[in-house]
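*Asks:* Supplied structure: run-v8.txt, compact mmCIF, C-alpha atoms and all ligand atoms.
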```txt
# COMPACT_ATOMS: atom_id res chain seq x y z
CA MET A 29 -181.07 -70.37 -55.66
CA LYS A 30 -183.22 -71.17 -58.68
CA VAL A 31 -184.60 -74.69 -58.45
CA GLY A 32 -186.47 -76.79 -61.03
CA ILE A 33 -188.65 -79.86 -60.55
CA ILE A 34 -189.48 -82.34 -63.31
CA GLY A 35 -192.32 -84.58 -62.14
CA ALA A 36 -193.74 -81.77 -59.99
CA THR A 37 -197.26 -83.22 -60.27
CA GLY A 38 -196.22 -86.54 -58.72
CA TYR A 39 -196.10 -87.37 -55.00
CA GLY A 40 -192.34 -86.89 -54.74
CA GLY A 41 -192.60 -83.60 -56.64
CA LEU A 42 -195.36 -82.28 -54.37
CA GLU A 43 -193.25 -83.04 -51.32
CA LEU A 44 -190.28 -81.25 -52.88
CA ILE A 45 -192.48 -78.17 -53.31
CA ARG A 46 -193.75 -78.40 -49.70
CA PHE A 47 -190.23 -78.28 -48.25
CA LEU A 48 -188.53 -76.05 -50.83
CA HIS A 49 -191.22 -73.40 -50.29
CA HIS A 50 -189.82 -72.87 -46.76
CA HIS A 51 -186.17 -73.18 -47.72
CA PRO A 52 -184.45 -69.87 -46.95
CA GLU A 53 -181.94 -70.18 -49.82
CA VAL A 54 -184.51 -71.06 -52.51
CA LYS A 55 -185.81 -67.95 -54.26
CA ASN A 56 -187.47 -69.50 -57.29
CA ILE A 57 -189.15 -72.86 -57.95
CA GLU A 58 -189.81 -73.70 -61.61
CA LEU A 59 -192.19 -76.59 -62.28
CA PHE A 60 -191.98 -78.79 -65.38
CA THR A 61 -194.36 -81.27 -66.97
CA SER A 62 -194.35 -83.83 -69.75
CA SER A 63 -198.13 -83.88 -70.08
CA ASP A 64 -199.81 -80.59 -69.15
CA GLU A 65 -197.77 -77.64 -70.39
CA GLY A 66 -199.26 -74.24 -69.49
CA ALA A 67 -201.64 -75.55 -66.80
CA ILE A 68 -201.72 -73.36 -63.69
CA PHE A 69 -200.26 -75.57 -60.98
CA SER A 70 -202.72 -74.57 -58.27
CA SER A 71 -205.65 -75.37 -60.57
CA LYS A 72 -204.58 -79.01 -60.25
CA PHE A 73 -203.67 -78.91 -56.56
CA GLY A 74 -206.08 -76.86 -54.45
CA HIS A 75 -203.82 -76.91 -51.39
CA LEU A 76 -201.39 -74.72 -53.35
CA VAL A 77 -203.86 -71.97 -54.33
CA THR A 78 -202.18 -68.57 -53.71
CA ILE A 79 -198.93 -70.43 -53.04
CA HIS A 80 -198.01 -71.82 -56.48
CA ASP A 81 -200.17 -70.13 -59.08
CA THR A 82 -197.46 -70.57 -61.70
CA PRO A 83 -197.86 -72.36 -65.05
CA LEU A 84 -196.26 -75.74 -65.67
CA GLN A 85 -193.46 -75.44 -68.20
CA LYS A 86 -192.41 -77.63 -71.08
CA ILE A 87 -189.17 -79.56 -70.52
CA THR A 88 -186.50 -78.25 -72.87
CA ILE A 89 -182.74 -78.19 -72.43
CA ASP A 90 -182.85 -74.37 -72.76
CA SER A 91 -185.49 -73.97 -70.03
CA LEU A 92 -183.39 -76.06 -67.62
CA ALA A 93 -180.05 -74.42 -68.37
CA GLY A 94 -180.46 -71.38 -66.07
CA LEU A 95 -181.32 -73.43 -62.99
CA ASP A 96 -178.92 -73.91 -60.09
CA VAL A 97 -180.35 -77.31 -59.25
CA LEU A 98 -182.78 -79.67 -60.96
CA PHE A 99 -184.75 -82.38 -59.15
CA THR A 100 -186.12 -85.15 -61.34
CA SER A 101 -188.92 -87.12 -59.74
CA THR A 102 -190.12 -89.22 -62.64
CA PRO A 103 -190.94 -92.90 -63.18
CA SER A 104 -187.96 -95.18 -63.73
CA GLY A 105 -186.75 -95.22 -67.33
CA VAL A 106 -187.33 -91.49 -67.94
CA THR A 107 -184.15 -89.78 -66.73
CA SER A 108 -181.90 -92.43 -68.29
CA SER A 109 -182.46 -90.59 -71.59
CA LEU A 110 -183.47 -87.13 -70.26
CA LEU A 111 -180.45 -86.30 -68.11
CA PRO A 112 -177.30 -87.29 -70.07
CA PRO A 113 -177.10 -83.96 -72.03
CA LEU A 114 -177.20 -82.04 -68.72
CA VAL A 115 -174.66 -84.02 -66.73
CA GLY A 116 -171.66 -81.88 -65.86
CA VAL A 117 -172.78 -78.91 -67.98
CA GLY A 118 -176.08 -77.66 -66.60
CA PRO A 119 -177.55 -77.33 -63.10
CA LYS A 120 -176.64 -79.66 -60.26
CA LEU A 121 -178.83 -82.76 -60.68
CA ILE A 122 -180.68 -84.80 -58.07
CA ASP A 123 -182.55 -87.76 -59.51
CA LEU A 124 -185.16 -89.41 -57.29
CA SER A 125 -185.74 -92.34 -59.64
CA GLY A 126 -183.84 -95.62 -59.76
CA ASP A 127 -182.16 -94.87 -63.10
CA TYR A 128 -178.70 -93.97 -61.76
CA ARG A 129 -178.44 -95.87 -58.47
CA LEU A 130 -177.11 -99.18 -59.78
CA LYS A 131 -173.55 -98.91 -61.05
CA ASP A 132 -173.81 -102.07 -63.17
CA VAL A 133 -176.13 -101.15 -66.04
CA GLY A 134 -176.77 -104.84 -66.73
CA VAL A 135 -178.08 -105.23 -63.18
CA PHE A 136 -180.38 -102.21 -63.72
CA GLU A 137 -181.72 -103.72 -66.95
CA LYS A 138 -182.39 -107.06 -65.24
CA TRP A 139 -184.20 -105.74 -62.13
CA TYR A 140 -186.04 -102.78 -63.69
CA ASN A 141 -186.64 -104.40 -67.06
CA LYS A 142 -185.87 -101.04 -68.69
CA GLN A 143 -183.20 -99.68 -71.00
CA PRO A 144 -180.34 -98.39 -68.79
CA ALA A 145 -178.68 -94.98 -69.01
CA PRO A 146 -175.27 -94.89 -70.78
CA LYS A 147 -172.64 -96.53 -68.57
CA HIS A 148 -170.24 -93.54 -68.63
CA ILE A 149 -173.05 -91.27 -67.39
CA VAL A 150 -174.10 -93.67 -64.62
CA GLU A 151 -170.48 -93.73 -63.48
CA GLN A 152 -170.63 -89.97 -62.83
CA SER A 153 -173.50 -90.20 -60.34
CA VAL A 154 -172.97 -90.37 -56.58
CA TYR A 155 -175.26 -92.47 -54.38
CA GLY A 156 -177.05 -90.01 -52.11
CA LEU A 157 -177.42 -91.87 -48.84
CA THR A 158 -176.59 -88.61 -47.07
CA GLU A 159 -175.35 -89.86 -43.69
CA TRP A 160 -172.96 -92.30 -45.39
CA ASN A 161 -171.68 -90.43 -48.41
CA GLU A 162 -171.46 -86.78 -47.41
CA LYS A 163 -167.99 -86.02 -48.81
CA ASN A 164 -168.76 -87.46 -52.25
CA ILE A 165 -172.15 -85.75 -52.34
CA GLN A 166 -170.59 -82.40 -51.53
CA SER A 167 -168.21 -82.58 -54.47
CA SER A 168 -170.72 -84.04 -56.91
CA HIS A 169 -172.92 -82.40 -59.54
CA PHE A 170 -175.08 -85.47 -59.95
CA ILE A 171 -176.84 -87.36 -57.18
CA ALA A 172 -178.73 -90.63 -57.48
CA ASN A 173 -181.13 -90.33 -54.56
CA PRO A 174 -181.64 -93.69 -52.80
CA GLY A 175 -184.84 -95.71 -52.98
CA CYS A 176 -187.28 -95.48 -50.08
CA TYR A 177 -186.83 -99.03 -48.76
CA PRO A 178 -183.01 -98.97 -49.10
CA THR A 179 -182.88 -95.73 -47.09
CA ALA A 180 -184.80 -97.26 -44.19
CA VAL A 181 -182.90 -100.55 -44.28
CA LEU A 182 -179.36 -99.27 -44.86
CA LEU A 183 -179.41 -96.59 -42.17
CA SER A 184 -180.32 -99.24 -39.61
CA ILE A 185 -177.97 -102.08 -40.57
CA LEU A 186 -174.84 -100.42 -42.02
CA PRO A 187 -173.33 -99.34 -38.68
CA LEU A 188 -173.77 -102.83 -37.21
CA ILE A 189 -172.31 -104.58 -40.26
CA LYS A 190 -169.38 -102.17 -40.48
CA ALA A 191 -168.55 -102.70 -36.80
CA GLY A 192 -168.75 -106.50 -37.18
CA LEU A 193 -171.52 -106.76 -34.60
CA ILE A 194 -173.93 -108.73 -36.83
CA ASP A 195 -173.35 -111.40 -39.47
CA PRO A 196 -174.08 -109.78 -42.86
CA HIS A 197 -174.43 -113.12 -44.66
CA TYR A 198 -177.76 -114.15 -43.18
CA LEU A 199 -179.82 -110.97 -43.35
CA VAL A 200 -183.58 -111.40 -43.63
CA ILE A 201 -185.38 -108.11 -44.22
CA ASP A 202 -189.12 -107.70 -43.97
CA ALA A 203 -190.40 -104.28 -45.05
CA LYS A 204 -193.82 -102.66 -45.22
CA SER A 205 -194.89 -99.52 -47.03
CA GLY A 206 -197.86 -97.21 -47.28
CA VAL A 207 -199.54 -96.94 -50.67
CA SER A 208 -198.05 -93.53 -51.64
CA GLY A 209 -194.81 -95.46 -52.25
CA ALA A 210 -196.35 -96.58 -55.52
CA GLY A 211 -196.83 -92.99 -56.80
CA ASN A 212 -199.95 -91.21 -57.99
CA LYS A 213 -200.82 -93.22 -61.07
CA LEU A 214 -203.91 -95.39 -60.89
CA SER A 215 -203.45 -99.15 -60.76
CA GLN A 216 -205.41 -102.23 -59.82
CA THR A 217 -203.22 -103.08 -56.82
CA THR A 218 -203.31 -99.60 -55.29
CA HIS A 219 -207.04 -99.10 -55.87
CA TYR A 220 -208.88 -98.18 -52.62
CA SER A 221 -211.08 -101.25 -52.60
CA GLU A 222 -208.07 -103.53 -53.06
CA THR A 223 -205.86 -101.90 -50.41
CA ASN A 224 -208.38 -100.91 -47.73
CA GLU A 225 -208.60 -103.61 -45.02
CA ASN A 226 -205.95 -105.57 -46.88
CA PHE A 227 -202.31 -106.39 -46.11
CA SER A 228 -200.41 -107.96 -48.97
CA ILE A 229 -196.95 -109.06 -50.02
CA TYR A 230 -195.62 -108.17 -53.48
CA LYS A 231 -192.61 -108.68 -55.78
CA VAL A 232 -191.58 -111.71 -53.69
CA ASN A 233 -187.78 -112.10 -53.86
CA GLU A 234 -187.83 -109.90 -56.97
CA HIS A 235 -187.91 -106.38 -55.62
CA GLN A 236 -185.69 -103.92 -57.55
CA HIS A 237 -184.27 -102.61 -54.27
CA ILE A 238 -182.49 -105.93 -53.53
CA PRO A 239 -179.44 -105.14 -55.74
CA GLU A 240 -179.44 -101.53 -54.48
CA ILE A 241 -179.18 -102.64 -50.85
CA GLU A 242 -176.51 -105.24 -51.68
CA GLN A 243 -174.49 -102.69 -53.67
CA ALA A 244 -174.59 -100.19 -50.77
CA ILE A 245 -173.54 -102.80 -48.19
CA GLU A 246 -170.50 -103.49 -50.36
CA LEU A 247 -169.79 -99.78 -50.93
CA PHE A 248 -170.11 -98.60 -47.33
CA ALA A 249 -169.30 -101.70 -45.24
CA ASN A 250 -167.02 -103.47 -47.70
CA VAL A 251 -168.98 -106.73 -47.52
CA LYS A 252 -170.30 -108.70 -50.50
CA THR A 253 -173.53 -110.40 -49.49
CA LYS A 254 -176.90 -111.60 -50.73
CA ILE A 255 -179.98 -110.58 -48.77
CA THR A 256 -183.48 -111.94 -48.42
CA PHE A 257 -185.74 -108.89 -48.79
CA ASN A 258 -189.51 -108.75 -49.09
CA THR A 259 -192.03 -105.96 -49.28
CA HIS A 260 -195.62 -105.56 -48.14
CA LEU A 261 -198.35 -103.05 -48.83
CA VAL A 262 -200.10 -101.66 -45.75
CA PRO A 263 -203.47 -99.85 -45.94
CA MET A 264 -202.10 -96.44 -44.99
CA THR A 265 -200.87 -93.53 -47.09
CA ARG A 266 -197.33 -92.80 -45.85
CA GLY A 267 -194.59 -94.61 -44.03
CA ILE A 268 -192.17 -97.51 -44.18
CA LEU A 269 -191.33 -99.87 -41.35
CA ALA A 270 -188.44 -102.21 -42.10
CA THR A 271 -187.44 -105.09 -39.83
CA THR A 272 -184.12 -106.88 -40.32
CA TYR A 273 -183.29 -110.16 -38.58
CA ALA A 274 -179.56 -110.81 -38.26
CA PRO A 275 -177.35 -113.24 -36.32
CA VAL A 276 -175.40 -111.41 -33.61
CA THR A 277 -171.63 -111.89 -33.42
CA GLU A 278 -170.61 -114.15 -30.51
CA GLY A 279 -170.40 -112.24 -27.21
CA VAL A 280 -172.04 -109.03 -28.48
CA SER A 281 -174.71 -107.53 -26.22
CA ASN A 282 -177.84 -105.54 -26.85
CA GLU A 283 -176.18 -102.49 -25.30
CA GLN A 284 -173.26 -102.71 -27.74
CA LEU A 285 -175.63 -102.67 -30.72
CA THR A 286 -177.52 -99.65 -29.38
CA GLU A 287 -174.28 -97.83 -28.50
CA CYS A 288 -172.87 -98.48 -31.97
CA LEU A 289 -175.95 -96.92 -33.58
CA MET A 290 -175.86 -93.95 -31.19
CA GLU A 291 -172.17 -93.35 -31.78
CA THR A 292 -172.54 -93.59 -35.58
CA TYR A 293 -175.34 -91.05 -35.75
CA LYS A 294 -174.47 -88.69 -32.89
CA GLU A 295 -173.66 -85.86 -35.32
CA HIS A 296 -176.53 -86.62 -37.70
CA PRO A 297 -179.68 -84.64 -36.95
CA PHE A 298 -182.15 -86.79 -38.88
CA VAL A 299 -181.33 -90.22 -37.44
CA ARG A 300 -182.69 -90.95 -33.99
CA ILE A 301 -181.93 -94.07 -31.99
CA VAL A 302 -184.95 -95.07 -29.98
CA THR A 303 -184.48 -97.16 -26.84
CA SER A 304 -188.09 -98.04 -26.13
CA VAL A 305 -190.14 -99.90 -28.73
CA SER A 306 -193.26 -98.11 -27.52
CA LEU A 307 -191.79 -94.96 -29.12
CA MET A 308 -191.43 -96.57 -32.55
CA GLY A 309 -194.00 -96.21 -35.32
CA THR A 310 -194.46 -94.64 -38.72
CA ASN A 311 -196.54 -91.86 -37.16
CA ARG A 312 -193.46 -90.76 -35.15
CA VAL A 313 -191.74 -89.72 -38.40
CA LYS A 314 -194.73 -88.90 -40.61
CA GLY A 315 -194.23 -85.76 -42.73
CA SER A 316 -190.63 -85.38 -41.50
CA ASN A 317 -187.12 -86.24 -42.61
CA TYR A 318 -186.38 -88.40 -39.56
CA CYS A 319 -185.36 -92.03 -39.58
CA ASP A 320 -185.95 -93.71 -36.21
CA ILE A 321 -184.10 -96.93 -35.37
CA PHE A 322 -184.58 -99.52 -32.62
CA VAL A 323 -182.62 -102.72 -31.98
CA LYS A 324 -183.20 -105.65 -29.63
CA VAL A 325 -181.32 -108.94 -29.32
CA ASP A 326 -183.28 -112.14 -28.88
CA GLU A 327 -180.99 -113.92 -26.43
CA ARG A 328 -182.78 -117.25 -27.01
CA THR A 329 -181.82 -117.35 -30.71
CA ASN A 330 -178.89 -114.92 -30.61
CA ARG A 331 -180.47 -112.93 -33.43
CA ALA A 332 -181.00 -109.17 -33.50
CA THR A 333 -184.27 -107.57 -34.54
CA ILE A 334 -183.39 -104.22 -36.11
CA VAL A 335 -186.30 -101.91 -36.83
CA SER A 336 -186.41 -98.61 -38.70
CA VAL A 337 -189.15 -96.21 -39.74
CA ILE A 338 -189.20 -93.37 -42.26
CA ASP A 339 -191.74 -91.39 -44.22
CA ASN A 340 -191.25 -92.84 -47.71
CA LEU A 341 -192.02 -89.49 -49.36
CA VAL A 342 -189.68 -87.49 -47.13
CA LYS A 343 -186.52 -89.27 -45.87
CA GLY A 344 -187.31 -91.91 -48.53
CA ALA A 345 -187.53 -89.35 -51.36
CA ALA A 346 -187.97 -85.53 -51.33
CA GLY A 347 -186.52 -84.84 -47.86
CA GLN A 348 -183.32 -86.77 -48.46
CA ALA A 349 -183.07 -85.13 -51.91
CA ILE A 350 -183.17 -81.65 -50.29
CA GLN A 351 -180.75 -82.81 -47.59
CA ASN A 352 -178.41 -83.77 -50.46
CA MET A 353 -178.93 -80.38 -52.12
CA ASN A 354 -177.95 -78.73 -48.82
CA VAL A 355 -174.78 -80.83 -48.71
CA GLN A 356 -173.97 -80.05 -52.37
CA PHE A 357 -174.26 -76.32 -51.64
CA SER A 358 -172.40 -76.57 -48.28
CA LEU A 359 -175.51 -75.49 -46.36
CA PRO A 360 -176.61 -76.89 -42.98
CA GLN A 361 -178.32 -80.24 -43.65
CA THR A 362 -181.45 -79.24 -41.78
CA LEU A 363 -182.15 -76.10 -43.83
CA GLY A 364 -185.77 -76.18 -45.02
CA LEU A 365 -186.29 -79.60 -43.43
CA ASP A 366 -186.55 -78.77 -39.77
CA VAL A 367 -190.17 -79.80 -39.18
CA ILE A 368 -191.78 -81.75 -36.35
CA PRO A 369 -193.48 -85.00 -37.46
CA LEU A 370 -197.26 -84.92 -37.83
CA PHE A 371 -197.80 -87.78 -35.31
CA ILE A 372 -201.60 -87.63 -35.48
N1 LIG B 1 -193.36 -92.49 -53.93
C1 LIG B 1 -192.32 -92.78 -53.16
O1 LIG B 1 -192.46 -93.03 -51.94
C2 LIG B 1 -190.93 -92.84 -53.74
C3 LIG B 1 -190.70 -92.73 -55.10
N2 LIG B 1 -189.42 -92.81 -55.58
C4 LIG B 1 -189.15 -92.70 -57.00
O2 LIG B 1 -189.29 -91.32 -57.37
C5 LIG B 1 -189.85 -91.21 -58.68
C6 LIG B 1 -191.15 -90.38 -58.59
O3 LIG B 1 -192.05 -91.08 -57.75
P1 LIG B 1 -193.52 -90.55 -57.46
O4 LIG B 1 -193.51 -89.09 -57.25
O5 LIG B 1 -194.08 -91.45 -56.45
O6 LIG B 1 -194.20 -90.86 -58.89
P2 LIG B 1 -195.57 -90.32 -59.45
O7 LIG B 1 -196.06 -91.39 -60.36
O8 LIG B 1 -196.43 -89.86 -58.35
O9 LIG B 1 -195.15 -89.02 -60.32
C7 LIG B 1 -194.26 -89.08 -61.37
C8 LIG B 1 -194.37 -87.81 -62.20
O10 LIG B 1 -193.46 -87.91 -63.29
C9 LIG B 1 -193.95 -87.19 -64.39
N3 LIG B 1 -193.65 -87.93 -65.62
C10 LIG B 1 -194.20 -89.10 -66.04
N4 LIG B 1 -193.67 -89.48 -67.22
C11 LIG B 1 -192.75 -88.53 -67.53
C12 LIG B 1 -191.87 -88.35 -68.64
N5 LIG B 1 -191.83 -89.23 -69.64
N6 LIG B 1 -191.05 -87.27 -68.64
C13 LIG B 1 -191.09 -86.36 -67.63
N7 LIG B 1 -191.92 -86.47 -66.57
C14 LIG B 1 -192.73 -87.55 -66.52
C15 LIG B 1 -195.46 -87.06 -64.23
O11 LIG B 1 -195.78 -85.68 -64.27
P3 LIG B 1 -196.23 -84.99 -65.62
O12 LIG B 1 -197.29 -85.85 -66.25
O13 LIG B 1 -196.76 -83.66 -65.17
O14 LIG B 1 -195.00 -84.87 -66.46
C16 LIG B 1 -195.74 -87.61 -62.82
O15 LIG B 1 -196.55 -86.75 -62.06
C17 LIG B 1 -190.08 -92.64 -59.16
O16 LIG B 1 -188.98 -93.04 -59.94
C18 LIG B 1 -190.14 -93.45 -57.87
O17 LIG B 1 -189.77 -94.77 -58.06
C19 LIG B 1 -188.35 -92.94 -54.76
C20 LIG B 1 -188.52 -93.02 -53.40
C21 LIG B 1 -189.82 -93.03 -52.80
C1 LIG B 2 -195.47 -99.32 -52.21
C2 LIG B 2 -194.69 -99.40 -53.48
O1 LIG B 2 -195.17 -99.89 -54.50
N1 LIG B 2 -193.46 -98.93 -53.45
C3 LIG B 2 -192.61 -98.94 -54.60
C4 LIG B 2 -191.38 -98.12 -54.32
C5 LIG B 2 -190.90 -97.58 -55.65
C6 LIG B 2 -189.54 -97.06 -55.69
O2 LIG B 2 -189.11 -96.28 -54.88
O3 LIG B 2 -188.88 -97.57 -56.72
P1 LIG B 2 -187.66 -97.02 -57.55
O4 LIG B 2 -186.57 -97.95 -57.27
O5 LIG B 2 -188.12 -97.08 -58.98
O6 LIG B 2 -187.42 -95.61 -57.14
C7 LIG B 2 -192.16 -100.38 -54.97
O7 LIG B 2 -192.12 -101.22 -54.08
O8 LIG B 2 -191.80 -100.60 -56.13
```
Turn the structure described in the file into structure tokens.

*Replies:*
Amino acid sequence: MKVGIIGATGYGGLELIRFLHHHPEVKNIELFTSSDEGAIFSSKFGHLVTIHDTPLQKITIDSLAGLDVLFTSTPSGVTSSLLPPLVGVGPKLIDLSGDYRLKDVGVFEKWYNKQPAPKHIVEQSVYGLTEWNEKNIQSSHFIANPGCYPTAVLLSILPLIKAGLIDPHYLVIDAKSGVSGAGNKLSQTTHYSETNENFSIYKVNEHQHIPEIEQAIELFANVKTKITFNTHLVPMTRGILATTYAPVTEGVSNEQLTECLMETYKEHPFVRIVTSVSLMGTNRVKGSNYCDIFVKVDERTNRATIVSVIDNLVKGAAGQAIQNMNVQFSLPQTLGLDVIPLFI
């Protein structure tokens, strides 16, 4: 397979390269740039010397046409105008940005404050939450890869909502991310001296992943709901830990919640249900495509605490994107992704 990456110099792009390099079906990786055409890739990234000594290419429709699959890992607002000429005619497309996730273009415009992609193009994309949308992904040429926070949250709560074990109308979700979630561009809030020894909340009640999570709950569990969702920045590089608090349906036990999660994901290699909280942590999934989930009912309040962890750059971005490519090409989902987490 001949694969292209637009946004190769970003964090998501670098992770795509790391995994695709080991993918047995990928024979060629072409790297594209909007800002540094001709630069030798490894001259920018020393860890890739002797591995990717290829020049960065200019993005043109002609240069993309011969690819089998194109990953776009660009800031929001870029692919809304870049991809429409390629949809349905060029390579299979997997977009890691938020530009095609929200089906209502008015909702995209409101939460991202950016010009949306044309509605008829957005309608052709399939939401790439792999474990929940495999059939549609397999038959699609155009995947909108989920956001990092929605991936962590949805994998943990969808089975319980769908089975009627928790009340979906009072969900309170508290999520924390490492700083790489904000990408590689410099900014005041991600500056070392502002993040080191600091733990902060941001985008209070205004995070762009709120409508994405609500849309997916409706799509996969057939429930219309409004969530409370807040995000925090943790002084670490990688990882998301998301905690959801949800009322438990009358008479439902802790064991039933755990069994439901285990049953849902028994055939899914990247989702692990953890039964001891001492085994949970972002370092248990770091560098890997795993999502680990733990649930415990507070019998005093009859609320469940549902916890999930992912690596934002892997299951939250590049890893899930490659998992989706595998599904699109009818390959085993684990191909190229079968790595043990870093842990330390
Ligand atoms: N970081 C994360 O954990 C996650 C990120 N995402 C989403 O994935 C996308 C990429 O994120 P991330 O890798 O962190 O971002 P980065 O900011 O690290 O990298 C984005 C890359 O996009 C390229 N780029 C910028 N402007 C343009 C343009 N106009 N046309 C083409 N390419 C452009 C740049 O490369 P160059 O200058 O060489 O063109 C840049 O290196 C974003 O939409 C993000 O929201 C999704 C899930 C998780
Ligand atoms: C830590 C941090 O800043 N994370 C980013 C995640 C960005 C992302 O994935 O946003 P898209 O919807 O544009 O893909 C954020 O919270 O906005």

*Asks:* Mind checking which residues fall within 9 Å of Cys288 in chain A, counting all atoms listed in the file, ignoring those fewer than 6 positions away in the same chain, and posting them as a PyMOL selection string?

*Replies:* chain A and resi 187-188+191+193

*Asks:* Neighbouring residues of Pro83 in chain A were defined as those with any atom within 9 Å, considering all atoms listed in the file; residues of the same chain fewer than 6 positions away were excluded. Please report them as a ChimeraX atom specification.

*Replies:* /A:58-60,65-70

*Asks:* Tell me, in Å to one decimal, how far CA of Glu234 in chain A is from atom C1 of ligand LIG 2 (chain B).

*Replies:*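 Here the two named atoms are 13.9 Å from each other.
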
*Asks:* Collect all residues with atoms no farther than 8 Å from ligand LIG 2 (chain B), counting all atoms listed in the file, and output them as an mmCIF file with C-alpha atoms, in the coordinates of the input.

*Replies:*
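See selection.cif below for the written result:
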```cif
data_model
loop_
_atom_site.group_PDB
_atom_site.id
_atom_site.type_symbol
_atom_site.label_atom_id
_atom_site.label_comp_id
_atom_site.auth_asym_id
_atom_site.auth_seq_id
_atom_site.Cartn_x
_atom_site.Cartn_y
_atom_site.Cartn_z
ATOM 1 C CA PRO A 103 -190.940 -92.900 -63.180
ATOM 2 C CA SER A 104 -187.960 -95.180 -63.730
ATOM 3 C CA LEU A 124 -185.160 -89.410 -57.290
ATOM 4 C CA SER A 125 -185.740 -92.340 -59.640
ATOM 5 C CA GLY A 126 -183.840 -95.620 -59.760
ATOM 6 C CA ASP A 127 -182.160 -94.870 -63.100
ATOM 7 C CA TYR A 140 -186.040 -102.780 -63.690
ATOM 8 C CA PRO A 174 -181.640 -93.690 -52.800
ATOM 9 C CA GLY A 175 -184.840 -95.710 -52.980
ATOM 10 C CA CYS A 176 -187.280 -95.480 -50.080
ATOM 11 C CA TYR A 177 -186.830 -99.030 -48.760
ATOM 12 C CA LYS A 204 -193.820 -102.660 -45.220
ATOM 13 C CA SER A 205 -194.890 -99.520 -47.030
ATOM 14 C CA GLY A 206 -197.860 -97.210 -47.280
ATOM 15 C CA VAL A 207 -199.540 -96.940 -50.670
ATOM 16 C CA SER A 208 -198.050 -93.530 -51.640
ATOM 17 C CA GLY A 209 -194.810 -95.460 -52.250
ATOM 18 C CA ALA A 210 -196.350 -96.580 -55.520
ATOM 19 C CA GLY A 211 -196.830 -92.990 -56.800
ATOM 20 C CA TYR A 230 -195.620 -108.170 -53.480
ATOM 21 C CA LYS A 231 -192.610 -108.680 -55.780
ATOM 22 C CA HIS A 235 -187.910 -106.380 -55.620
ATOM 23 C CA GLN A 236 -185.690 -103.920 -57.550
ATOM 24 C CA HIS A 237 -184.270 -102.610 -54.270
ATOM 25 C CA THR A 259 -192.030 -105.960 -49.280
ATOM 26 C CA HIS A 260 -195.620 -105.560 -48.140
ATOM 27 C CA LEU A 261 -198.350 -103.050 -48.830
ATOM 28 C CA GLY A 344 -187.310 -91.910 -48.530
ATOM 29 C CA ALA A 345 -187.530 -89.350 -51.360
#
```

*Asks:* Name the residues in contact with Ser281 in chain A at a cut-off of 10 Å, using all atoms listed in the file, excluding same-chain residues fewer than 5 positions from it; report them as a list in words.

*Replies:*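 Those residues are Leu193, Val276, Thr286, Glu287, Lys324, Val325, Glu327, Asn330 and Ala332 of chain A.
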
*Asks:* Grab all the atoms of range 226-240 of chain A that the file lists, wrap them in a box along x, y and z, add 6 Å per side, and give me centre plus edge lengths in Å (one decimal) as AutoDock Vina command-line options.

*Replies:*
```
--center_x -192.7 --center_y -106.8 --center_z -51.8 --size_x 38.5 --size_y 22.6 --size_z 23.4
```

*Asks:* Using all atoms listed in the file, which of the listed residues (A:Glu137, A:Asp96, A:Asp195, A:Asp64) sits closest to Ala249 in chain A?

*Replies:* A:Asp195

*Asks:* Find the residue from A:Val305, A:Ala172, A:Ile149, A:Val251 that sits nearest to Ile194 in chain A; use all atoms listed in the file when measuring.

*Replies:*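 Under the stated criterion, the closest residue is A:Val251.
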
*Asks:* Have a look at A:Leu44, A:Met29, A:Ile57, A:Ala203 and name the one nearest to ligand LIG 1 (chain B); count all atoms listed in the file.

*Replies:* A:Leu44

*Asks:* Restricting the calculation to only C-alpha atoms: of A:His51, A:Tyr155, A:Phe357, A:Phe371, which residue gets closest to Leu307 in chain A?

*Replies:*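 Of A:His51, A:Tyr155, A:Phe357, A:Phe371, the one nearest Leu307 in chain A is A:Phe371, counting only C-alpha atoms.
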
*Asks:* Quick one: distance from CA of Leu110 in chain A to CA of Glu162 in chain A in Å, one decimal?

*Replies:*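 The value is 25.8 Å.
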
*Asks:* For atom C17 of ligand LIG 1 (chain B) and CA of Ile189 in chain A, determine how far apart the two atoms are, in Å to one decimal place.

*Replies:*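 The value is 28.6 Å.
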
*Asks:* Just the residues within 8 Å of Phe298 in chain A, please, counting all atoms listed in the file, with nothing from its chain fewer than 6 positions along; format it as a list in words.

*Replies:*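 So the residues in contact are Asn317, Tyr318 and Cys319 of chain A.
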
*Asks:* Given all atoms listed in the file as the basis, pick out the residue of A:Val313, A:Leu98, A:Val133, A:Ala36 nearest to Ile372 in chain A.

*Replies:*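 The answer is A:Val313, which sits nearest to Ile372 in chain A.
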
*Asks:* Kindly indicate which residue among A:Ile34, A:Met308, A:Ile165, A:Leu76 lies nearest to Gln356 in chain A, using only C-alpha atoms for the distances.

*Replies:*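 Closest candidate: A:Ile165.
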
*Asks:* For Ile238 in chain A, please output as a ChimeraX atom specification all residues within 9 Å (counting all atoms listed in the file; exclusion window: fewer than 6 positions along the same chain).

*Replies:* /A:139,178,254-258

*Asks:* Distance cut-off 9 Å, centre (-176.1, -88.5, -44.6) in file coordinates, counting only C-alpha atoms: which residues qualify? Return them as a list in words.

*Replies:*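 Applying the cut-off with only C-alpha atoms, one gets Gly156, Leu157, Thr158, Glu159, Trp160, Asn161, Glu162, His296, Phe298, Gln348, Gln351, Asn352, Val355 and Gln361 of chain A.
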